[in-house]
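A short write-up of the structure that comes next.
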Protein chains: 2
Amino acid sequence: MTGSGPAEDDAGNADLGTVFRALADEHRRTVIVKLAADGSDREHTCNSFDLPVSKQTQTHHFRVLREAGLIHEINYGNRKGIRLRRAEINRRLPGLLDLLTAERRDTGTGGSA
Amino acid sequence: MTGSGPAEDDAGNADLGTVFRALADEHRRTVIVKLAADGSDREHTCNSFDLPVSKQTQTHHFRVLREAGLIHEINYGNRKGIRLRRAEINRRLPGLLDLLTAERRDTGTGGSA
DNA sequence: CGTGAGGTACGATGCAAGACGTACCTGAAG
DNA sequence: CTTCAGGTACGTCTTGCATCGTACCTCACG
C-alpha cells in the first residue's frame with residue numbers, strides 16, 4: 001500500500017527498538033507530535049517545526065524518523081515535504097501516536113492524576 | 001534503605017524520552033515483555049529473564065527500567081524481586097504494554113500485502 | 001565466623017548517536 | 001549565468017550508553 005513510496009520508504013519493517021530509539025530524542029518527538037496534532041496527512045516543510053538545531057542535524061533527524069517508518073520524505077529537489085505515516089503507524093503500532101500527543105498535553109500538569 | 005522507600009520509585013514522573021530510551025534496548029524490552037506476559041503482578045527473580053549479560057549489566061538494566069517507572073525493585077538484601085508497574089503504566093501510558101507484547105507475537109510475520 | 005551466591009558500586013572501554021563545519025548539489029528568481 | 005535559500009554528504013568532536021572487571025556488601029547456611 002505504500003504506493004507513492006518506492007524503496008526508500010519501506011521502513012514498515014522497522015522493529016520496535018528502532019522506533020523507540022527514534023522517539024527517544026526530544027526533537028524527533030516534537031516533529032511527530034506536531035505532525036500528529038495536525039490531524040491531516042498533508043505535507044509539512046522542515047521549517048514548520050522550528051527545531052533549534054542546524055540544517056545538517058535536521059536532515060539527520062528526519063532520516064532517522066524515515067528509517068523508523070514514521071514519516072515520508074517527499075523530495076522536490078531543493079525543497080522537501082514531510083508527511084506522517086499515520087495509517088501505517090496506527091496499523092503496526094496502535095496507540096503510539098496517542099501516547100505521544102497525550103504526553104504533550106499533560107506537560108506541566110504535575111498534579112498526580 | 002532501598003526497601004520500601006517510595007521516593008526512589010516515584011518514577012511516575014519520568015518523561016516519554018526516558019521511557020522510550022529504556023525500551024529502546026532489546027534486553028530491557030525482553031524483561032518488560034516477559035513481565036507483561038505473565039499477567040500477574042507477582043515478583044520475578046532476575047534469573048528468570050535469562051539475559052545474556054553479566055550481573056553488573058543486569059543491575060544496570062534493571063536500574064534503567066526502575067528509573068523509567070516501569071518496574072519495582074524489591075530489595076531483600078542478597079536477593080531482589082522485580083515487579084511490573086502495570087497499573088501505573090496503563091494509567092500514564094495506556095497501550096504501551098500492548099505495543100510491546102504485540103511486537104513479540106508479530107515477530108516473523110513480515111506479510112506485506 | 002567462614003563460605004558462597006546474589007547484588008551493587010566504581011572505573012574503564014568500545015561503540016553508537018547528536019551536533020556542527022565545510023563543501024557541494026538542486027531548483028527558483030533576477 | 002549568477003545569486004540565493006533549502007538540502008545533502010562527509011568528516012569530526014563530544015556525549016551517552018552497553019558492557020565488563022575488580023572490589024565490596026548482604027544474607028543464608030554450615
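Starting from 1 in every chain, residues are counted up; chains themselves are A, B, ... following the order of the C-alpha cells, and ligands are numbered from 1 as listed.
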
**OP:** Pair the Cα atoms of chain A and chain B in order, fit the first onto the second, and let me know the RMSD in Å.
**Re:**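 That comparison of chain B with chain A gives 2.6 Å.
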
**OP:** Assign secondary structure with DSSP using the backbone only, and return the residues of chain A in strand (DSSP E) as a ChimeraX atom specification.
**Re:** /A:71-75,80-84

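We find atom C1' of C:DA28 and atom C1' of D:DT8 to be spaced 18.2 Å apart.
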
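For chain C, the residues close to chain B, meaning within 9 Å and counting only C-alpha atoms (C1' of nucleotides), are DA5, DG6, DG7 and DT8 of chain C.
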
Subject >> Selected residue of minimal separation from C:DG27 among D:DA23, D:DA18, D:DA5, D:DC10, counting only C-alpha atoms (C1' of nucleotides) >> reply: D:DA5

**OP:** May I have the residues of chain D within 8 Å of chain B, counting only C-alpha atoms (C1' of nucleotides), written as a list in words?
**Re:**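 Residues of chain D within 8 Å of chain B, counting only C-alpha atoms (C1' of nucleotides): DA18, DT19, DC20, DT26 and DC27 of chain D.
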
Go ahead and write the selection's residues with C-alpha atoms (C1' of nucleotides) as a PDB file, in the first residue's frame.
ATOM      1  C1'  DA D  18      26.067  -1.032  26.990  1.00  0.00           C
ATOM      2  C1'  DT D  19      29.363  -3.967  28.693  1.00  0.00           C
ATOM      3  C1'  DC D  20      32.697  -5.926  31.577  1.00  0.00           C
ATOM      4  C1'  DT D  26      24.335  -8.770  52.286  1.00  0.00           C
ATOM      5  C1'  DC D  27      22.223 -12.644  53.733  1.00  0.00           C
TER       6       DC D  27
END

**OP:** Dump as a ChimeraX atom specification the residues of chain B that approach chain A to within 8 Å, counting only C-alpha atoms.
**Re:** /B:15-21,23-26,93-96,99-100,103,110,113

Original post:
Which polymer residues have any atom within 8 Å of an atom of B:Glu73, counting only C-alpha atoms (C1' of nucleotides), with same-chain residues fewer than 5 positions away left out, as a list in words?
Top reply: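 Contacts, in chain order: Phe62, Arg66, Lys80, Gly81, Ile82 and Arg83 of chain B.
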
Subject >> Point-to-point distance from atom C1' of C:DT26 to atom C1' of D:DC4, Å rounded to tenths >> reply: 11.7 Å

**OP:** Please indicate the distance in Å from atom C1' of C:DG18 to atom CA of A:Glu88, rounded to one decimal place.
**Re:**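 Spanning atom C1' of C:DG18 to atom CA of A:Glu88 is a straight-line distance of 27.3 Å.
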
Subject >> Near-C:DG11 list (10 Å; only C-alpha atoms (C1' of nucleotides); drop same-chain fewer than 2 positions) as a VMD selection string >> reply: (chain C and resid 9 13) or (chain D and resid 21 to 22)

Original post:
How would you write, as JSON, numbers by chain, the set of residues in chain A that DSSP gives as helix (DSSP H, G or I)?
Top reply: {"A": [11, 12, 13, 16, 17, 18, 19, 20, 21, 22, 23, 26, 27, 28, 29, 30, 31, 32, 33, 34, 35, 36, 37, 38, 46, 47, 48, 49, 55, 56, 57, 58, 59, 60, 61, 62, 63, 64, 65, 66, 67, 86, 87, 88, 89, 90, 91, 92, 96, 97, 98, 99, 100, 101, 102, 103, 104, 105, 106]}

Subject >> Close residues, stretch 33-36 of chain A itself excluded, 9 Å, only C-alpha atoms (C1' of nucleotides), min 2 positions apart in chain, as a list in words >> reply: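 Final neighbour list, sorted by chain and number: Arg28, Arg29, Thr30, Val31, Asp38, Gly39, Ser40, Asp41, Arg42, Glu43, His44, Phe49, Ile82, Arg83, Leu84, Arg86, Leu97, Asp98, Leu100, Thr101 and Arg104 of chain A.
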